[in-house]
Amino acid sequence: MMYLAHTAHWQFLGLMAGVLAWILTVTTAGLNEWRLWHVADVSVITSGVAWVGIWKACFYSHALPSLENCQSISIWDHFAPAEIPAAQVLIVLAVICGLAGNISAAVAMRMVYFSVEDRRNLRLVFLLAGTLYVLTGLLSLVPLVWNMSSVLNNSTIDFPPEFHLPEAPVRQQVGLAVGVGIFASVLMLISGLLFLCYRYAWQSLSSEAPRDTGDLHGPWKERTLAQKSELPNGHNHGIDNPSFQYEEAP
């Protein structure tokens, strides 16, 4: 069997990057700072800035009973623009695919580093891990770029009155969550390419000669048959022991 542990150092680095990228993707899904809305009226939003995420919108206020005021944004809310419910769905799918990709990548690295006998599924596992990583990167990158484009275009949102947010801010700013998410998506894509480009997984491992475990196969059989054919008079049942012949003599 081919020794492969020294050939997968970049893929091991890809696994570490994939785990980090998945953690950052989960962090992106939980952050509210997808959009920063700067408002002119600070009578309610006393901080002058509101955080609009994909799950809720929040701001600080001294005019309301609670200091931090948040209102949830549901996928069924009609006022939410298309990029927000799309982000809710795609970012959850990215978290699930990223977890599956990390598990597949860990199995692939275990096969390379610790498995010597059974590598029949090596190509399949590397292909699965790389595909899941690339899919995770794309699933998270699409809503991030979409929401960033809306911010750069200063798109409006018709919030209900209970949100205490204006339809259009004075200006918008891309939030921290978008930057973290884009960085995580790029890491995911790099990890996926590293696994997909692992050349030893694409080589034909089936060309390696299998181990000879049977008694009637391989060189041992040929040698035994050759030794039997060399016996005198074509006998292949063995030769009598001379000592037994001497004892039986009259």
# chains A, B, ... in the order shown; residues from 1 in each chain; ligands from 1
>>> residues_around(residues="Ser66 (chain A)", least_positions_apart="5", cutoff="12 Å", atoms="only C-alpha atoms", output="compact mmCIF listing (two decimals) with C-alpha atoms, in the first residue's frame")
# COMPACT_ATOMS: atom_id res chain seq x y z
CA VAL A 44 -36.01 57.67 20.42
CA ILE A 45 -32.85 56.17 19.01
CA CYS A 58 -31.80 46.69 17.62
CA PHE A 59 -30.87 50.11 18.95
CA TYR A 60 -30.06 51.81 22.26
CA SER A 61 -32.54 54.27 23.70
>>> select_by_dssp(residues="region 41-110 of chain A", states="helix (DSSP H, G or I)", output="ChimeraX atom specification")
/A:83-110
>>> write_last_selection(atoms="N, CA and C atoms", output="mmCIF file, in the first residue's frame")
data_model
loop_
_atom_site.group_PDB
_atom_site.id
_atom_site.type_symbol
_atom_site.label_atom_id
_atom_site.label_comp_id
_atom_site.auth_asym_id
_atom_site.auth_seq_id
_atom_site.Cartn_x
_atom_site.Cartn_y
_atom_site.Cartn_z
ATOM 1 N N GLU A 83 -33.756 40.059 0.338
ATOM 2 C CA GLU A 83 -32.436 39.576 0.734
ATOM 3 C C GLU A 83 -32.377 39.122 2.186
ATOM 4 N N ILE A 84 -33.293 39.612 3.040
ATOM 5 C CA ILE A 84 -33.262 39.223 4.449
ATOM 6 C C ILE A 84 -33.822 37.816 4.655
ATOM 7 N N PRO A 85 -35.034 37.474 4.177
ATOM 8 C CA PRO A 85 -35.469 36.070 4.317
ATOM 9 C C PRO A 85 -34.594 35.092 3.549
ATOM 10 N N ALA A 86 -34.054 35.519 2.413
ATOM 11 C CA ALA A 86 -33.135 34.638 1.683
ATOM 12 C C ALA A 86 -31.887 34.356 2.506
ATOM 13 N N ALA A 87 -31.395 35.394 3.199
ATOM 14 C CA ALA A 87 -30.223 35.201 4.059
ATOM 15 C C ALA A 87 -30.532 34.281 5.222
ATOM 16 N N GLN A 88 -31.757 34.364 5.776
ATOM 17 C CA GLN A 88 -32.126 33.483 6.882
ATOM 18 C C GLN A 88 -32.074 32.019 6.464
ATOM 19 N N VAL A 89 -32.535 31.730 5.257
ATOM 20 C CA VAL A 89 -32.543 30.346 4.782
ATOM 21 C C VAL A 89 -31.140 29.893 4.400
ATOM 22 N N LEU A 90 -30.445 30.706 3.625
ATOM 23 C CA LEU A 90 -29.153 30.289 3.087
ATOM 24 C C LEU A 90 -28.084 30.181 4.165
ATOM 25 N N ILE A 91 -28.126 31.052 5.152
ATOM 26 C CA ILE A 91 -27.089 31.007 6.184
ATOM 27 C C ILE A 91 -27.264 29.784 7.078
ATOM 28 N N VAL A 92 -28.530 29.366 7.291
ATOM 29 C CA VAL A 92 -28.763 28.139 8.055
ATOM 30 C C VAL A 92 -28.282 26.923 7.267
ATOM 31 N N LEU A 93 -28.560 26.905 5.964
ATOM 32 C CA LEU A 93 -28.072 25.818 5.124
ATOM 33 C C LEU A 93 -26.546 25.794 5.097
ATOM 34 N N ALA A 94 -25.924 26.975 5.112
ATOM 35 C CA ALA A 94 -24.461 27.040 5.127
ATOM 36 C C ALA A 94 -23.894 26.442 6.408
ATOM 37 N N VAL A 95 -24.538 26.698 7.534
ATOM 38 C CA VAL A 95 -24.075 26.135 8.809
ATOM 39 C C VAL A 95 -24.180 24.609 8.793
ATOM 40 N N ILE A 96 -25.285 24.092 8.252
ATOM 41 C CA ILE A 96 -25.470 22.635 8.197
ATOM 42 C C ILE A 96 -24.464 21.996 7.251
ATOM 43 N N CYS A 97 -24.304 22.569 6.063
ATOM 44 C CA CYS A 97 -23.355 22.022 5.088
ATOM 45 C C CYS A 97 -21.917 22.130 5.593
ATOM 46 N N GLY A 98 -21.603 23.214 6.291
ATOM 47 C CA GLY A 98 -20.260 23.366 6.835
ATOM 48 C C GLY A 98 -19.938 22.317 7.882
ATOM 49 N N LEU A 99 -20.927 21.998 8.727
ATOM 50 C CA LEU A 99 -20.718 20.944 9.723
ATOM 51 C C LEU A 99 -20.505 19.598 9.040
ATOM 52 N N ALA A 100 -21.326 19.301 8.034
ATOM 53 C CA ALA A 100 -21.156 18.045 7.300
ATOM 54 C C ALA A 100 -19.812 18.009 6.571
ATOM 55 N N GLY A 101 -19.388 19.155 6.044
ATOM 56 C CA GLY A 101 -18.085 19.214 5.383
ATOM 57 C C GLY A 101 -16.935 18.958 6.341
ATOM 58 N N ASN A 102 -17.010 19.492 7.543
ATOM 59 C CA ASN A 102 -15.952 19.249 8.528
ATOM 60 C C ASN A 102 -15.895 17.777 8.937
ATOM 61 N N ILE A 103 -17.052 17.152 9.094
ATOM 62 C CA ILE A 103 -17.065 15.730 9.442
ATOM 63 C C ILE A 103 -16.461 14.897 8.314
ATOM 64 N N SER A 104 -16.839 15.205 7.070
ATOM 65 C CA SER A 104 -16.294 14.469 5.923
ATOM 66 C C SER A 104 -14.791 14.686 5.792
ATOM 67 N N ALA A 105 -14.346 15.919 6.008
ATOM 68 C CA ALA A 105 -12.910 16.202 5.918
ATOM 69 C C ALA A 105 -12.133 15.490 7.019
ATOM 70 N N ALA A 106 -12.696 15.408 8.216
ATOM 71 C CA ALA A 106 -12.028 14.691 9.304
ATOM 72 C C ALA A 106 -11.918 13.205 8.984
ATOM 73 N N VAL A 107 -12.966 12.623 8.399
ATOM 74 C CA VAL A 107 -12.913 11.210 7.997
ATOM 75 C C VAL A 107 -11.863 11.009 6.907
ATOM 76 N N ALA A 108 -11.785 11.944 5.961
ATOM 77 C CA ALA A 108 -10.795 11.832 4.890
ATOM 78 C C ALA A 108 -9.374 11.876 5.438
ATOM 79 N N MET A 109 -9.116 12.778 6.371
ATOM 80 C CA MET A 109 -7.777 12.870 6.935
ATOM 81 C C MET A 109 -7.456 11.651 7.787
ATOM 82 N N ARG A 110 -8.448 11.093 8.454
ATOM 83 C CA ARG A 110 -8.212 9.875 9.224
ATOM 84 C C ARG A 110 -7.828 8.719 8.301
#
>>> atom_distance(atom1="CA of Leu139 (chain A)", atom2="CA of Trp37 (chain A)")
25.4 Å
>>> atom_distance(atom1="CA of Met148 (chain A)", atom2="CA of Phe195 (chain A)")
29.4 Å
>>> closest_atom_pairs(of="region 27-133 of chain A", to="region 164-180 of chain A", cutoff="7 Å", atoms="only C-alpha atoms", output="Markdown table")
| residue | atom | partner | partner_atom | distance |
| --- | --- | --- | --- | --- |
| A:Thr28 | CA | A:Ala177 | CA | 5.1 |
| A:Leu31 | CA | A:Ala177 | CA | 5.9 |
| A:Glu33 | CA | A:Gly175 | CA | 4.7 |
| A:Trp34 | CA | A:Gly175 | CA | 4.5 |
| A:Arg35 | CA | A:Gly175 | CA | 4.8 |
| A:Leu36 | CA | A:Gln173 | CA | 4.9 |
| A:Trp37 | CA | A:Gln172 | CA | 4.9 |
| A:His38 | CA | A:Arg171 | CA | 5.5 |
| A:Val39 | CA | A:Pro169 | CA | 5.1 |
| A:Ala40 | CA | A:Val170 | CA | 6.4 |
